[in-house]
Structures are given as C-alpha cells and as structure tokens.
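Participant: Input file: protein36.pdb. Contents: PDB, C-alpha atoms.
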```pdb
ATOM      1  CA  MET Y   1     -87.950  21.180  13.579  1.00  0.00           C
ATOM      2  CA  LYS Y   2     -89.571  24.210  15.217  1.00  0.00           C
ATOM      3  CA  GLN Y   3     -89.886  25.905  11.830  1.00  0.00           C
ATOM      4  CA  HIS Y   4     -91.508  22.751  10.415  1.00  0.00           C
ATOM      5  CA  SER Y   5     -94.015  22.688  13.313  1.00  0.00           C
ATOM      6  CA  LYS Y   6     -94.818  26.362  12.822  1.00  0.00           C
ATOM      7  CA  LEU Y   7     -95.380  25.732   9.102  1.00  0.00           C
ATOM      8  CA  ILE Y   8     -97.769  22.840   9.839  1.00  0.00           C
ATOM      9  CA  ILE Y   9     -99.709  24.930  12.359  1.00  0.00           C
ATOM     10  CA  THR Y  10     -99.943  27.860   9.949  1.00  0.00           C
ATOM     11  CA  ILE Y  11    -101.176  25.635   7.119  1.00  0.00           C
ATOM     12  CA  LEU Y  12    -103.842  24.045   9.348  1.00  0.00           C
ATOM     13  CA  VAL Y  13    -105.157  27.430  10.489  1.00  0.00           C
ATOM     14  CA  VAL Y  14    -105.238  28.774   6.924  1.00  0.00           C
ATOM     15  CA  VAL Y  15    -107.077  25.689   5.609  1.00  0.00           C
ATOM     16  CA  ILE Y  16    -109.768  25.870   8.296  1.00  0.00           C
ATOM     17  CA  ALA Y  17    -110.158  29.630   7.815  1.00  0.00           C
ATOM     18  CA  ILE Y  18    -110.553  29.249   4.036  1.00  0.00           C
ATOM     19  CA  GLU Y  19    -113.032  26.356   4.399  1.00  0.00           C
ATOM     20  CA  SER Y  20    -115.078  28.343   6.879  1.00  0.00           C
ATOM     21  CA  TRP Y  21    -114.975  31.517   4.799  1.00  0.00           C
ATOM     22  CA  LEU Y  22    -116.047  29.657   1.637  1.00  0.00           C
ATOM     23  CA  LEU Y  23    -118.917  27.893   3.384  1.00  0.00           C
ATOM     24  CA  TYR Y  24    -120.064  31.134   4.985  1.00  0.00           C
ATOM     25  CA  GLY Y  25    -119.872  32.939   1.619  1.00  0.00           C
ATOM     26  CA  VAL Y  26    -121.854  30.237  -0.180  1.00  0.00           C
ATOM     27  CA  LEU Y  27    -124.412  29.463   2.522  1.00  0.00           C
ATOM     28  CA  GLY Y  28    -124.849  32.781   4.287  1.00  0.00           C
ATOM     29  CA  PRO Y  29    -125.050  33.267   8.052  1.00  0.00           C
ATOM     30  CA  VAL Y  30    -124.920  30.110  10.142  1.00  0.00           C
ATOM     31  CA  GLU Y  31    -128.232  30.904  11.782  1.00  0.00           C
ATOM     32  CA  ASP Y  32    -129.926  30.557   8.372  1.00  0.00           C
ATOM     33  CA  ASN Y  33    -128.106  27.541   6.918  1.00  0.00           C
ATOM     34  CA  VAL Y  34    -126.049  25.287   9.143  1.00  0.00           C
ATOM     35  CA  ILE Y  35    -123.902  22.667   7.504  1.00  0.00           C
ATOM     36  CA  PRO Y  36    -121.174  21.178   9.713  1.00  0.00           C
ATOM     37  CA  LEU Y  37    -117.638  21.637   8.464  1.00  0.00           C
ATOM     38  CA  ASN Y  38    -116.193  18.163   9.063  1.00  0.00           C
ATOM     39  CA  ASN Y  39    -117.251  14.570   9.031  1.00  0.00           C
ATOM     40  CA  PHE Y  40    -115.549  12.431  11.644  1.00  0.00           C
ATOM     41  CA  MET Y  41    -112.441  10.920  10.119  1.00  0.00           C
ATOM     42  CA  TYR Y  42    -109.753   8.921  11.910  1.00  0.00           C
ATOM     43  CA  THR Y  43    -106.428   8.051  10.292  1.00  0.00           C
ATOM     44  CA  ASP Y  44    -103.742   6.042  12.073  1.00  0.00           C
ATOM     45  CA  LEU Y  45    -100.636   5.496   9.995  1.00  0.00           C
ATOM     46  CA  SER Y  46     -99.119   2.778  12.161  1.00  0.00           C
ATOM     47  CA  GLY Y  47     -97.668   0.047   9.993  1.00  0.00           C
ATOM     48  CA  SER Y  48     -97.069   2.450   7.093  1.00  0.00           C
ATOM     49  CA  LYS Y  49     -93.869   4.212   6.069  1.00  0.00           C
ATOM     50  CA  PHE Y  50     -94.534   6.607   8.945  1.00  0.00           C
ATOM     51  CA  SER Y  51     -94.125   3.613  11.303  1.00  0.00           C
ATOM     52  CA  ASP Y  52     -96.492   4.617  14.095  1.00  0.00           C
ATOM     53  CA  SER Y  53     -95.541   8.287  14.073  1.00  0.00           C
ATOM     54  CA  LEU Y  54     -98.745  10.056  12.975  1.00  0.00           C
ATOM     55  CA  VAL Y  55    -102.434   9.946  13.929  1.00  0.00           C
ATOM     56  CA  THR Y  56    -104.947  12.437  12.512  1.00  0.00           C
ATOM     57  CA  VAL Y  57    -108.607  13.013  13.364  1.00  0.00           C
ATOM     58  CA  THR Y  58    -111.208  15.518  12.246  1.00  0.00           C
ATOM     59  CA  GLY Y  59    -114.725  16.203  13.438  1.00  0.00           C
ATOM     60  CA  SER Y  60    -116.815  18.458  15.652  1.00  0.00           C
ATOM     61  CA  TRP Y  61    -116.680  18.622  19.430  1.00  0.00           C
ATOM     62  CA  PHE Y  62    -119.888  17.736  21.261  1.00  0.00           C
ATOM     63  CA  SER Y  63    -120.601  17.793  24.979  1.00  0.00           C
ATOM     64  CA  GLU Y  64    -123.583  17.182  27.228  1.00  0.00           C
ATOM     65  CA  THR Y  65    -122.559  20.562  28.669  1.00  0.00           C
ATOM     66  CA  ARG Y  66    -123.677  23.398  26.401  1.00  0.00           C
ATOM     67  CA  LEU Y  67    -120.670  24.747  24.531  1.00  0.00           C
ATOM     68  CA  TYR Y  68    -120.128  28.455  23.911  1.00  0.00           C
ATOM     69  CA  ASN Y  69    -119.476  27.774  20.197  1.00  0.00           C
ATOM     70  CA  PRO Y  70    -121.369  24.594  19.293  1.00  0.00           C
ATOM     71  CA  VAL Y  71    -120.982  25.185  15.519  1.00  0.00           C
ATOM     72  CA  GLN Y  72    -117.335  24.324  15.015  1.00  0.00           C
ATOM     73  CA  SER Y  73    -114.884  21.953  13.435  1.00  0.00           C
ATOM     74  CA  SER Y  74    -111.491  20.591  14.502  1.00  0.00           C
ATOM     75  CA  SER Y  75    -108.589  18.910  12.813  1.00  0.00           C
ATOM     76  CA  ILE Y  76    -106.005  17.231  15.061  1.00  0.00           C
ATOM     77  CA  GLU Y  77    -102.602  15.850  14.121  1.00  0.00           C
ATOM     78  CA  CYS Y  78    -100.497  13.932  16.640  1.00  0.00           C
ATOM     79  CA  TRP Y  79     -96.817  13.517  15.769  1.00  0.00           C
ATOM     80  CA  LYS Y  80     -94.965  11.043  17.962  1.00  0.00           C
ATOM     81  CA  ASP Y  81     -91.508  12.346  16.997  1.00  0.00           C
ATOM     82  CA  LYS Y  82     -92.500  15.944  17.838  1.00  0.00           C
ATOM     83  CA  GLY Y  83     -94.062  14.857  21.139  1.00  0.00           C
ATOM     84  CA  ALA Y  84     -97.141  16.949  20.399  1.00  0.00           C
ATOM     85  CA  CYS Y  85    -100.659  17.032  19.024  1.00  0.00           C
ATOM     86  CA  PHE Y  86    -101.758  20.111  17.093  1.00  0.00           C
ATOM     87  CA  GLU Y  87    -105.426  21.107  16.882  1.00  0.00           C
ATOM     88  CA  ALA Y  88    -106.749  23.638  14.383  1.00  0.00           C
ATOM     89  CA  ASN Y  89    -110.280  24.741  15.286  1.00  0.00           C
ATOM     90  CA  GLY Y  90    -112.750  26.933  13.454  1.00  0.00           C
ATOM     91  CA  SER Y  91    -116.070  28.055  14.926  1.00  0.00           C
ATOM     92  CA  VAL Y  92    -118.869  30.448  14.083  1.00  0.00           C
ATOM     93  CA  LYS Y  93    -120.649  32.499  16.748  1.00  0.00           C
ATOM     94  CA  ASP Y  94    -123.087  35.323  16.052  1.00  0.00           C
ATOM     95  CA  GLY Y  95    -122.041  35.364  12.393  1.00  0.00           C
ATOM     96  CA  TYR Y  96    -118.331  35.740  13.148  1.00  0.00           C
ATOM     97  CA  LEU Y  97    -115.659  33.215  12.264  1.00  0.00           C
ATOM     98  CA  ASN Y  98    -113.188  32.362  15.026  1.00  0.00           C
ATOM     99  CA  THR Y  99    -110.085  30.236  14.500  1.00  0.00           C
ATOM    100  CA  SER Y 100    -107.645  28.907  17.051  1.00  0.00           C
ATOM    101  CA  MET Y 101    -104.670  26.601  17.389  1.00  0.00           C
ATOM    102  CA  ASN Y 102    -104.057  24.397  20.398  1.00  0.00           C
ATOM    103  CA  THR Y 103    -100.903  22.415  21.110  1.00  0.00           C
ATOM    104  CA  TYR Y 104    -101.003  19.413  23.445  1.00  0.00           C
ATOM    105  CA  GLU Y 105     -97.870  17.807  24.882  1.00  0.00           C
ATOM    106  CA  ILE Y 106     -97.945  14.028  24.458  1.00  0.00           C
ATOM    107  CA  ILE Y 107     -97.827  12.219  27.811  1.00  0.00           C
ATOM    108  CA  ALA Y 108     -98.366   8.655  26.564  1.00  0.00           C
ATOM    109  CA  TRP Y 109     -98.286   6.978  23.148  1.00  0.00           C
ATOM    110  CA  ASN Y 110     -98.854   3.259  22.806  1.00  0.00           C
ATOM    111  CA  LYS Y 111    -100.833   0.825  20.655  1.00  0.00           C
ATOM    112  CA  LYS Y 112    -104.038   1.445  22.612  1.00  0.00           C
ATOM    113  CA  GLU Y 113    -104.073   5.200  23.185  1.00  0.00           C
ATOM    114  CA  ILE Y 114    -102.491   8.598  22.888  1.00  0.00           C
ATOM    115  CA  ILE Y 115    -102.808  10.962  25.873  1.00  0.00           C
ATOM    116  CA  ALA Y 116    -101.788  14.604  25.578  1.00  0.00           C
ATOM    117  CA  SER Y 117    -102.374  17.702  27.689  1.00  0.00           C
ATOM    118  CA  SER Y 118    -102.327  21.461  27.487  1.00  0.00           C
ATOM    119  CA  SER Y 119    -102.500  24.096  30.212  1.00  0.00           C
ATOM    120  CA  ALA Y 120    -103.725  27.674  29.958  1.00  0.00           C
ATOM    121  CA  LEU Y 121    -104.201  30.474  32.473  1.00  0.00           C
ATOM    122  CA  CYS Y 122    -107.530  29.114  33.739  1.00  0.00           C
ATOM    123  CA  THR Y 123    -107.793  25.524  32.540  1.00  0.00           C
ATOM    124  CA  LYS Y 124    -106.017  22.262  31.830  1.00  0.00           C
ATOM    125  CA  SER Y 125    -107.187  20.108  28.928  1.00  0.00           C
ATOM    126  CA  THR Y 126    -106.446  16.418  28.444  1.00  0.00           C
ATOM    127  CA  LEU Y 127    -106.821  14.954  24.955  1.00  0.00           C
ATOM    128  CA  SER Y 128    -107.396  11.173  24.779  1.00  0.00           C
ATOM    129  CA  ILE Y 129    -107.303   9.241  21.521  1.00  0.00           C
ATOM    130  CA  ASP Y 130    -108.457   5.641  21.832  1.00  0.00           C
ATOM    131  CA  ARG Y 131    -106.643   3.886  18.974  1.00  0.00           C
ATOM    132  CA  VAL Y 132    -108.661   0.687  19.399  1.00  0.00           C
ATOM    133  CA  GLN Y 133    -112.153   2.260  19.440  1.00  0.00           C
ATOM    134  CA  LYS Y 134    -111.039   5.096  17.101  1.00  0.00           C
ATOM    135  CA  SER Y 135    -112.584   7.691  19.390  1.00  0.00           C
ATOM    136  CA  VAL Y 136    -111.410  11.032  20.762  1.00  0.00           C
ATOM    137  CA  THR Y 137    -112.320  12.814  24.001  1.00  0.00           C
ATOM    138  CA  LEU Y 138    -111.189  16.026  25.611  1.00  0.00           C
ATOM    139  CA  THR Y 139    -111.541  16.773  29.318  1.00  0.00           C
ATOM    140  CA  ARG Y 140    -111.278  20.396  30.410  1.00  0.00           C
ATOM    141  CA  LYS Y 141    -110.764  21.158  34.101  1.00  0.00           C
ATOM    142  CA  THR Y 142    -110.639  24.582  35.706  1.00  0.00           C
ATOM    143  CA  THR Y 143    -107.321  25.130  37.480  1.00  0.00           C
ATOM    144  CA  ASN Y 144    -107.761  28.790  38.432  1.00  0.00           C
ATOM    145  CA  SER Y 145    -111.029  30.508  39.345  1.00  0.00           C
ATOM    146  CA  GLU Y 146    -109.591  33.858  40.455  1.00  0.00           C
ATOM    147  CA  GLY Y 147    -109.823  37.211  38.655  1.00  0.00           C
ATOM    148  CA  MET Y 148    -110.662  36.936  34.975  1.00  0.00           C
ATOM    149  CA  CYS Y 149    -110.994  33.156  35.341  1.00  0.00           C
ATOM    150  CA  GLY Y 150    -113.889  33.572  37.796  1.00  0.00           C
ATOM    151  CA  SER Y 151    -116.606  33.203  35.153  1.00  0.00           C
ATOM    152  CA  ILE Y 152    -115.390  29.788  33.969  1.00  0.00           C
ATOM    153  CA  SER Y 153    -117.405  26.830  35.220  1.00  0.00           C
ATOM    154  CA  LYS Y 154    -115.635  24.933  37.955  1.00  0.00           C
ATOM    155  CA  GLU Y 155    -117.204  21.668  36.779  1.00  0.00           C
ATOM    156  CA  PRO Y 156    -115.068  19.541  34.422  1.00  0.00           C
ATOM    157  CA  ILE Y 157    -116.312  19.435  30.838  1.00  0.00           C
ATOM    158  CA  LEU Y 158    -116.088  16.237  28.780  1.00  0.00           C
ATOM    159  CA  LEU Y 159    -116.182  16.631  25.000  1.00  0.00           C
ATOM    160  CA  TYR Y 160    -116.401  13.989  22.275  1.00  0.00           C
ATOM    161  CA  LEU Y 161    -115.086  14.472  18.739  1.00  0.00           C
ATOM    162  CA  ILE Y 162    -117.908  13.232  16.504  1.00  0.00           C
ATOM    163  CA  ASP Y 163    -119.258  13.656  13.003  1.00  0.00           C
ATOM    164  CA  GLY Y 164    -120.255  17.275  12.300  1.00  0.00           C
ATOM    165  CA  LEU Y 165    -123.775  16.369  11.155  1.00  0.00           C
ATOM    166  CA  ASP Y 166    -124.354  14.360  14.336  1.00  0.00           C
ATOM    167  CA  ALA Y 167    -123.083  17.257  16.480  1.00  0.00           C
ATOM    168  CA  TYR Y 168    -125.337  19.695  14.628  1.00  0.00           C
ATOM    169  CA  GLN Y 169    -128.412  17.477  15.063  1.00  0.00           C
ATOM    170  CA  LYS Y 170    -127.725  16.900  18.768  1.00  0.00           C
ATOM    171  CA  ASN Y 171    -127.227  20.614  19.404  1.00  0.00           C
ATOM    172  CA  LYS Y 172    -130.311  21.520  17.340  1.00  0.00           C
ATOM    173  CA  SER Y 173    -132.487  19.082  19.342  1.00  0.00           C
ATOM    174  CA  ARG Y 174    -131.568  20.966  22.564  1.00  0.00           C
ATOM    175  CA  GLN Y 175    -133.052  24.247  21.365  1.00  0.00           C
TER     176      GLN Y 175
END
```
Output the structure of this file as structure tokens.

Facilitator:
Amino acid sequence: MKQHSKLIITILVVVIAIESWLLYGVLGPVEDNVIPLNNFMYTDLSGSKFSDSLVTVTGSWFSETRLYNPVQSSSIECWKDKGACFEANGSVKDGYLNTSMNTYEIIAWNKKEIIASSSALCTKSTLSIDRVQKSVTLTRKTTNSEGMCGSISKEPILLYLIDGLDAYQKNKSRQ
C-alpha cells in the first residue's frame, strides 16, 4: 500500500508541474497574464463502487490574510482506507514555479465531514471538508515560534478552497 500511495503522490506532483509549466510557457510570466490553474471541483464517490472511500477536490486557496503565494492551485484526494488526504499544490512566485505535496492524517470521516491534520516544524494544519455544503477549509496554527520559526505569524490563518478565477479576482482587487 505504501508503494501505491507513493505512486499516487508522484503522479499528482507531476501533473501539477506539467500543467503549470505548459501554462507558463503559453502565457508567459504570471505578472503579465494570470489565468488560475483550477476551477473549484468537488467529487464525492459515496454510493458508487468506491463505497464512501474517496473524496477529491480541486481549486485555489484564498484567505483574508495575504498569502505568500496567492497564485496557486491545489488538488486534494482523501482516501478513507489509507487514512489520509494527499494535497498536490503548485504556485508561482516571482516567475518561479513551486510544487509541494502535503499529507494529512484523517481524524474523522462521516457523512457530514472529513477532518484531517498535518504537523510540521512550525505549524499544524487542519483540513476540513464539509460534505454537505461541498466546501473545504484549512486552518493553519503556529505551534513553534522559536529559531527559524520566529518569522511565522502567530495568528491562525483560515483558508478557503475556491474557484481559481474567484481567488484571482479577490487577490487582484486587494492590490
């Protein structure tokens, strides 16, 4: 199963990197032509042959707090049988493409919601998927503010996964 998970993660990272590279090659630098990478899409396969074992969402993270990389796109897959959600994220900052993978351990999975969390050196993130409203939020809290973590805001950050065009327009209106 670990090899299968690694294969899924690798495929997600490669797909986002190729999409980003192609868009950058066709459109030029983001500062000149911004087109968000993903529309918001929510897929819940409960009741199918997967019998409540897979939920996928794509979109762009938006927050009332200014994000370091506001031009980005995420694809999230939550697998009940693996006990984890996998997020592939691609972002562009100063003309450079950045990709990352995040793994969240599932804490709760029921008909109403999926809750998963991930901890890093400086922060803890909680991913919440509302299966009724078909919405996704991420709360990031600082858990360590010492040493190299000292520059991270101590205030919690709440992010919403929304349509890429909506995220772009909201971020553009702030400038």

Participant: Determine the nearest neighbour of Ile18 of chain Y from the options Y:Asn144, Y:Ser74, Y:Thr99, Y:Asn39, counting only C-alpha atoms.

Facilitator: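 Of Y:Asn144, Y:Ser74, Y:Thr99, Y:Asn39, the one nearest Ile18 of chain Y is Y:Thr99, counting only C-alpha atoms.
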
Participant: Check which residues of segment 108-144 of chain Y sit at most 7 Å from segment 158-168 of chain Y using only C-alpha atoms, and return one row each with the closest pair of atoms and their distance in Å to one decimal, ordered by chain and rising number, as a tab-separated table.

Facilitator:
```
residue	atom	partner	partner_atom	distance
Y:Val136	CA	Y:Leu161	CA	5.4
Y:Thr137	CA	Y:Tyr160	CA	4.6
Y:Leu138	CA	Y:Leu159	CA	5.1
Y:Thr139	CA	Y:Leu158	CA	4.6
Y:Arg140	CA	Y:Leu158	CA	6.6
```

Participant: Report, in Å with one decimal, the straight-line distance from atom CA of Leu7 of chain Y to atom CA of Asp44 of chain Y.

Facilitator: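 Distance reported for this atom pair: 21.6 Å.
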
Participant: Please identify all polymer residues within 6 Å of segment 81-93 of chain Y, counting all atoms listed in the file, omitting same-chain residues fewer than 6 positions from it, and present them as a PyMOL selection string.

Facilitator: chain Y and resi 12-13+69+71-75+99-106

Participant: Using all atoms listed in the file, which of the listed residues (Y:Ala108, Y:Cys149, Y:Cys78, Y:Asn98) sits closest to Ala120 of chain Y?

Facilitator: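 With all atoms listed in the file as the atom set, the closest residue is Y:Cys149.
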
Participant: How many Å lie between atom CA of Leu121 of chain Y and atom CA of Ser145 of chain Y, rounded to one decimal?

Facilitator: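 Computing the Euclidean distance for atom CA of Leu121 of chain Y and atom CA of Ser145 of chain Y yields 9.7 Å.
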
Participant: Rounded to one decimal place, report the atom CA of Arg131 of chain Y-atom CA of Ile114 of chain Y distance in Å.

Facilitator: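 Interatomic distance here is 7.4 Å.
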